[in-house]
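Each remark here refers to the structure printed beneath this line.
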Amino acid sequence: MSALTPELERKLGIAVERMPAFPRSVQRILELTRNINCLPKELVAVIEKDPVMTMKILKVINSAYYSLPSKITSVSQSVVYLGINTIKNLALGFAAVGILPRMNAAGFDVQRYLLHSLVVGGAARQLATQFAKGEVDPGDCYIAGLLHDFGKVVFAQFLATEFRNALLHSVEHAVPLHEAEKIAIGVDHGPVGAMLAKRWAFPDHLVDCIRDHHSPSAEPSAMMDCLRVADQVVRFRDIGDSGNPWRESEAPAAPQRFGDDMEAIVMKLGSLDKLVEDAMAFAQVGKE
Amino acid sequence: MKVRFWGVRGSIPSPGPQTLRYGGNTTCIEVRSDEGALIILDAGTGIFPLAQELLKQMPVKANVFITHTHWDHIHGLPFFTPLYIPGNAVRILGGYDVVSGRGIDQVMEVQLQYSYFPVREAEMRANIEYETLTVGEPVNVADATVTPLMLNHPVVDYGYRVDCNGKSVFFTGDHEPWLNIYAPDDEGYAEFQQMVEMQQGQLDRALAGLDVLIADSSYTAAEYPTKIGWGHGTLEGNIAWARRLGVKKLVCTHHEPTRSDDDLERAFIAAMEDAGYVPGRAGEPEIVLSREGMELVL
């Protein structure tokens, strides 16, 4: 299969609309909404941990009908704009689609993927606060982390055979997964996630980050730096699983703003234990 | 520009001796531009008596702006008799509903399901057009301009600002001022508060220079704590808002259906006293309760 054809773009765009959300969030949304007086902040806390629900909310809020003065990148902002009841009913609609099965024909574990996304998001937010204050909104970095690998879960759901081949190729030939995806699918998860984000009118900086997080030659930005370093830290520590078995033999160089020393960043970032623990509970992934 | 109130009640029609003075019909406001173009804000049961009046002025060319699709704002629509008469033109305009993923074109289709209403939309003989509006993008109606603005209610609610030859009126539809979902000691409080203030600021800026504010004033401040999140405003909150905007006139509407005329007046007077409102004092807006049949000339 060649790169992203307009036909594939269209097909994936429609498919994602029907994509179910993660088990824990579906369960929590159903539990919370049984009580008419459920706390809005509890709903927000669930939605913003689910890449599928977050993706869908941002799609709605950035739609042309609301011609917002600036694009919206957070679930909280969406709540202010659309009202908590509308967000609640949207979430219920997402929950009604069903539950994303943990395993799929591609052999990609979506719950470990969720753990990876949550921790990368949390770490990217923390990095933005510590290393890029005033340059980038930490909330945007969280969203970038949560959604950066969204293309993979789309592959696993809708191009399962090709993605399975990519996963196998990556292991057998010891190459990074995004390289294997290019061979097996014709395009890697970055451009596919970005295509969806662009189709749904997400802000450009978020689209760029999703598209280019594996392209070293891409235009640097504070958000991209935070995302890449968070991704490296998390993979370095073997938290969750993005499906990518590739590990650099030593810590990669960090972008300049972080002082070029990965070990020092990890030190300064401090313990991610609380973040990991919360993410594990939500992703329903036990200690392995 | 003229503004006439045909329905002022919230939630459910409330006819009876208790509501004779202010009226029991649900929301419907007629706005006439200087040239006489007809703008109707919402299609609650008040649209039915308006329809009777319009039948004397055929053919009818109406622009019906729906603030939101809750029953009390649309349930007069199938009884808007000009819809049934060939030669009339009815344009129905409103917002995009994110939950159903549909525009305003579904408003009658949903209402007119055969088990619930005997006439199908295809049987209505007027020329009916639908227009789903984009927030902030003005729509021209003859010499008037109508601008939809996003407000806060359990369903997408557009408030409409109508401008005509330098005069302006804004109707909120149903609206509860944005509020923080976090408690002050929660982590997300400050960030959310900033977003809430930004949203209010944007609305206030869009209402700059406004002459008349017609606002959802369902509750009193004392009643509000048990109604948080229901999507309605308070008399006291709207007095403060009208002062902040510097409008000439505030019309409090969407009266609580269980409130009798006497209770409504008592609540209104108490709210003005609490706000330290002195009628006629320089800089103060004029404040009135909406009443069926009331007409404002701007």
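Letters A, B, ... go to the chains of the structure tokens in the order shown; residues in each chain start at 1; ligands are counted from 1 in the same order.
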I want to know what sits within 12 Å of segment 254-265 of chain A, based on only C-alpha atoms, with residues of the same chain fewer than 2 positions away left out; could you give that as a PyMOL selection string? chain A and resi 123-124+126-128+130-133+135+216+220-234+236-237+250-252+267-271
Would you save the residues of that selection, restricted to N, CA and C atoms, as a CSV table (one decimal), in the first residue's frame?
chain,number,residue,atom,x,y,z
A,123,ALA,N,4.2,13.5,31.8
A,123,ALA,CA,5.6,13.9,31.8
A,123,ALA,C,5.8,15.2,31.0
A,124,ALA,N,5.1,15.2,29.8
A,124,ALA,CA,5.3,16.4,28.9
A,124,ALA,C,4.8,17.7,29.6
A,126,GLN,N,4.7,18.2,32.8
A,126,GLN,CA,5.7,18.5,33.9
A,126,GLN,C,6.9,19.2,33.3
A,127,LEU,N,7.4,18.6,32.2
A,127,LEU,CA,8.6,19.2,31.5
A,127,LEU,C,8.3,20.6,31.1
A,128,ALA,N,7.1,20.9,30.6
A,128,ALA,CA,6.8,22.2,30.1
A,128,ALA,C,6.8,23.2,31.3
A,130,GLN,N,8.6,22.9,34.0
A,130,GLN,CA,9.9,23.0,34.6
A,130,GLN,C,10.9,23.6,33.6
A,131,PHE,N,10.8,23.3,32.3
A,131,PHE,CA,11.8,23.7,31.4
A,131,PHE,C,11.4,24.7,30.3
A,132,ALA,N,10.1,24.9,30.2
A,132,ALA,CA,9.7,25.8,29.1
A,132,ALA,C,8.6,26.8,29.5
A,133,LYS,N,8.7,27.2,30.7
A,133,LYS,CA,7.7,28.1,31.3
A,133,LYS,C,7.6,29.4,30.5
A,135,GLU,N,6.8,29.6,27.5
A,135,GLU,CA,6.9,29.3,26.0
A,135,GLU,C,5.8,28.5,25.5
A,216,PRO,N,13.3,14.0,12.9
A,216,PRO,CA,14.3,14.8,13.6
A,216,PRO,C,14.5,16.1,12.8
A,220,PRO,N,11.8,22.8,15.1
A,220,PRO,CA,11.7,22.6,16.5
A,220,PRO,C,10.7,23.5,17.2
A,221,SER,N,10.1,23.1,18.3
A,221,SER,CA,9.2,23.9,19.1
A,221,SER,C,9.3,23.5,20.5
A,222,ALA,N,8.9,24.3,21.4
A,222,ALA,CA,9.0,24.0,22.9
A,222,ALA,C,8.1,22.8,23.1
A,223,MET,N,6.9,22.7,22.5
A,223,MET,CA,6.0,21.7,22.7
A,223,MET,C,6.6,20.3,22.2
A,224,MET,N,7.2,20.4,21.0
A,224,MET,CA,7.8,19.2,20.4
A,224,MET,C,8.9,18.7,21.3
A,225,ASP,N,9.7,19.6,21.8
A,225,ASP,CA,10.8,19.2,22.7
A,225,ASP,C,10.2,18.5,23.9
A,226,CYS,N,9.2,19.1,24.5
A,226,CYS,CA,8.7,18.5,25.7
A,226,CYS,C,8.1,17.1,25.4
A,227,LEU,N,7.4,17.0,24.3
A,227,LEU,CA,6.8,15.7,23.9
A,227,LEU,C,7.9,14.7,23.6
A,228,ARG,N,8.9,15.0,22.9
A,228,ARG,CA,10.0,14.1,22.5
A,228,ARG,C,10.7,13.6,23.8
A,229,VAL,N,11.0,14.5,24.6
A,229,VAL,CA,11.8,14.2,25.8
A,229,VAL,C,10.9,13.3,26.7
A,230,ALA,N,9.7,13.7,26.9
A,230,ALA,CA,8.8,12.8,27.7
A,230,ALA,C,8.7,11.4,27.1
A,231,ASP,N,8.6,11.3,25.8
A,231,ASP,CA,8.5,10.0,25.2
A,231,ASP,C,9.7,9.2,25.4
A,232,GLN,N,10.9,9.9,25.3
A,232,GLN,CA,12.1,9.2,25.6
A,232,GLN,C,12.3,8.7,27.0
A,233,VAL,N,11.9,9.6,27.9
A,233,VAL,CA,12.1,9.3,29.4
A,233,VAL,C,11.2,8.1,29.7
A,234,VAL,N,10.0,8.1,29.2
A,234,VAL,CA,9.0,7.1,29.5
A,234,VAL,C,9.5,5.7,28.9
A,236,PHE,N,12.5,5.0,28.0
A,236,PHE,CA,13.8,4.7,28.7
A,236,PHE,C,13.5,3.9,30.0
A,237,ARG,N,12.4,4.3,30.7
A,237,ARG,CA,12.0,3.7,31.9
A,237,ARG,C,11.1,2.5,31.8
A,250,GLU,N,21.9,4.0,24.3
A,250,GLU,CA,22.2,4.9,25.5
A,250,GLU,C,21.2,6.1,25.4
A,251,ALA,N,21.2,6.8,26.5
A,251,ALA,CA,20.2,7.9,26.5
A,251,ALA,C,20.5,8.9,25.4
A,252,PRO,N,19.5,9.2,24.6
A,252,PRO,CA,19.7,10.2,23.5
A,252,PRO,C,19.9,11.6,24.0
A,267,MET,N,16.5,13.3,36.5
A,267,MET,CA,16.7,13.7,38.0
A,267,MET,C,15.8,14.9,38.3
A,268,LYS,N,15.8,15.9,37.5
A,268,LYS,CA,15.1,17.1,37.8
A,268,LYS,C,13.6,16.9,37.7
A,269,LEU,N,13.2,16.0,36.8
A,269,LEU,CA,11.8,15.7,36.7
A,269,LEU,C,11.3,15.0,37.9
A,270,GLY,N,12.1,14.3,38.6
A,270,GLY,CA,11.8,13.7,39.9
A,270,GLY,C,11.0,12.4,39.6
A,271,SER,N,10.4,11.9,40.7
A,271,SER,CA,9.7,10.6,40.6
A,271,SER,C,8.4,10.8,39.8
Using only C-alpha atoms, find each residue in chain A having at least one atom no more than 9 Å away from chain B; report its shortest atom-to-atom pair and that distance in Å (one decimal), rows by chain then rising number, as a Markdown table.
| residue | atom | partner | partner_atom | distance |
| --- | --- | --- | --- | --- |
| A:Leu39 | CA | B:Ile181 | CA | 7.8 |
| A:Pro40 | CA | B:Ile181 | CA | 6.0 |
| A:Lys41 | CA | B:Ile181 | CA | 5.8 |
| A:Val60 | CA | B:Val98 | CA | 6.5 |
| A:Ile61 | CA | B:Val98 | CA | 8.4 |
| A:Ala64 | CA | B:Thr134 | CA | 7.3 |
| A:Tyr65 | CA | B:Thr134 | CA | 4.4 |
| A:Tyr66 | CA | B:Val135 | CA | 5.1 |
| A:Ser67 | CA | B:Val135 | CA | 6.2 |
| A:Leu68 | CA | B:Val135 | CA | 7.9 |
| A:Ser76 | CA | B:Phe192 | CA | 7.0 |
| A:Gln77 | CA | B:Met195 | CA | 6.7 |
| A:Val80 | CA | B:Val196 | CA | 6.4 |
| A:Tyr81 | CA | B:Gln199 | CA | 7.5 |
| A:Leu82 | CA | B:Val156 | CA | 6.6 |
| A:Gly83 | CA | B:Asn152 | CA | 5.8 |
| A:Ile84 | CA | B:Pro154 | CA | 7.1 |
| A:Asn85 | CA | B:Pro154 | CA | 4.8 |
| A:Thr86 | CA | B:Val155 | CA | 5.7 |
| A:Ile87 | CA | B:Val99 | CA | 8.4 |
| A:Asn89 | CA | B:Val99 | CA | 6.6 |
| A:Leu90 | CA | B:Val99 | CA | 5.5 |
| A:Gly93 | CA | B:Val99 | CA | 7.7 |
Give me the residues within 7 Å of Glu295 of chain B as a ChimeraX atom specification, counting only C-alpha atoms and dropping any in the same chain fewer than 3 places off. /B:2-5
Using C-alpha atoms, can you export the residues from the last selection as a JSON list (two decimals), in the first residue's frame?
[["chain", "number", "residue", "atom", "x", "y", "z"],
["B", 2, "LYS", "CA", -39.90, 47.46, 17.70],
["B", 3, "VAL", "CA", -39.89, 44.55, 20.13],
["B", 4, "ARG", "CA", -43.08, 42.83, 21.22],
["B", 5, "PHE", "CA", -43.38, 40.02, 23.76]]
Choose the residue, out of B:Asp163, B:Glu123, B:Asp34, B:Glu256, that has the smallest atom-to-atom separation from Pro86 of chain B; count only C-alpha atoms.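 Closest candidate: B:Glu123.
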Using only C-alpha atoms, determine which residues lie at most 6 Å from segment 188-194 of chain A, disregarding the query and same-chain residues fewer than 5 positions distant; provide the list as a ChimeraX atom specification. /A:150-152,178,181-182,207,210-211
Rank nothing, just name the residue among A:Leu12, A:Val276, A:Leu30, A:Val44 nearest to Ile57 of chain A, using only C-alpha atoms.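 Residue with the minimum atom-to-atom distance to Ile57 of chain A: A:Val44.
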When DSSP works through the backbone of this structure, what residues of segment 157-260 of chain A end up as helix (DSSP H, G or I), shown as an NGL selection string? :A and (157-158 or 160-172 or 177-184 or 189-199 or 204-212 or 222-236 or 256-258)
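Checking B:Ala62, B:Leu207, B:Phe268, B:Thr258 one by one against Arg244 of chain B, counting only C-alpha atoms, you find the shortest gap at B:Leu207.
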So how far away is atom CA of Ile29 of chain B from atom CA of Val146 of chain B, in Å? 13.9 Å
Find, counting only C-alpha atoms, the residue in A:Leu92, A:Leu118, A:Leu168, A:Ala21 that gets nearest to Val153 of chain A. A:Ala21
Best match for closeness to Glu292 of chain B among B:Lys227, B:Pro13, B:Gly24, B:Gln113, counting only C-alpha atoms: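 Closest to Glu292 of chain B, using only C-alpha atoms: B:Gly24.
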Choose the residue, out of A:Ser242, A:Lys198, A:Gly186, A:Ala281, that has the smallest atom-to-atom separation from Leu4 of chain A; count only C-alpha atoms.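 Comparing A:Ser242, A:Lys198, A:Gly186, A:Ala281 against Leu4 of chain A, the winner is A:Gly186.
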Could you tell me how far atom CA of Gln27 of chain A lies from atom CA of Ser74 of chain A, in Å and to one decimal?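 Separation between atom CA of Gln27 of chain A and atom CA of Ser74 of chain A: 21.8 Å.
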Which of segment 65-258 of chain B fall in strand (DSSP E or B), as a CSV table (one decimal) with C-alpha atoms, in the first residue's frame:
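Full text of out-v6.csv as output:
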chain,number,residue,atom,x,y,z
B,65,PHE,CA,-34.4,32.5,15.1
B,89,ALA,CA,-41.8,32.3,3.3
B,90,VAL,CA,-40.5,31.1,6.6
B,91,ARG,CA,-36.8,30.9,7.3
B,92,ILE,CA,-35.9,29.0,10.4
B,93,LEU,CA,-32.4,29.7,11.8
B,94,GLY,CA,-30.5,28.3,14.7
B,97,ASP,CA,-26.3,20.6,18.0
B,102,ARG,CA,-27.3,18.0,13.2
B,127,ASN,CA,-41.6,28.0,1.4
B,128,ILE,CA,-39.6,26.8,4.4
B,129,GLU,CA,-35.8,27.3,4.6
B,130,TYR,CA,-33.4,26.3,7.3
B,131,GLU,CA,-30.1,28.0,8.1
B,132,THR,CA,-27.7,26.6,10.6
B,139,VAL,CA,-27.1,37.4,9.3
B,140,ASN,CA,-28.8,40.1,7.4
B,141,VAL,CA,-32.6,40.5,7.6
B,144,ALA,CA,-31.4,44.6,10.5
B,145,THR,CA,-28.5,42.4,11.4
B,146,VAL,CA,-28.7,39.4,13.7
B,147,THR,CA,-25.6,38.1,15.4
B,148,PRO,CA,-25.6,34.7,17.1
B,149,LEU,CA,-23.5,34.4,20.3
B,150,MET,CA,-22.8,31.3,22.3
B,158,TYR,CA,-27.4,31.0,20.9
B,159,GLY,CA,-28.2,34.4,22.2
B,160,TYR,CA,-29.2,36.9,19.4
B,161,ARG,CA,-28.1,40.4,19.1
B,162,VAL,CA,-30.3,42.4,16.7
B,163,ASP,CA,-29.0,45.7,15.3
B,164,CYS,CA,-30.9,48.1,13.2
B,167,LYS,CA,-30.2,50.6,17.9
B,168,SER,CA,-29.7,47.2,19.4
B,169,VAL,CA,-31.4,44.5,21.5
B,170,PHE,CA,-30.0,41.2,22.7
B,171,PHE,CA,-31.9,38.2,23.9
B,212,VAL,CA,-31.8,46.6,25.5
B,213,LEU,CA,-30.8,43.4,27.3
B,214,ILE,CA,-33.5,40.7,27.5
B,215,ALA,CA,-32.2,38.1,29.9
B,216,ASP,CA,-33.3,34.8,31.3
B,219,TYR,CA,-34.6,32.5,39.7
B,234,THR,CA,-31.1,35.2,38.3
B,249,LYS,CA,-32.9,48.8,29.6
B,250,LEU,CA,-33.0,45.4,31.1
B,251,VAL,CA,-36.0,43.2,30.5
B,252,CYS,CA,-36.2,40.2,32.9
B,253,THR,CA,-37.9,37.2,31.3
B,255,HIS,CA,-40.5,33.7,34.5
Interatomic distance between atom CA of Tyr142 of chain A and atom CA of Val110 of chain A?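 About the pair atom CA of Tyr142 of chain A and atom CA of Val110 of chain A: they are 18.9 Å apart.
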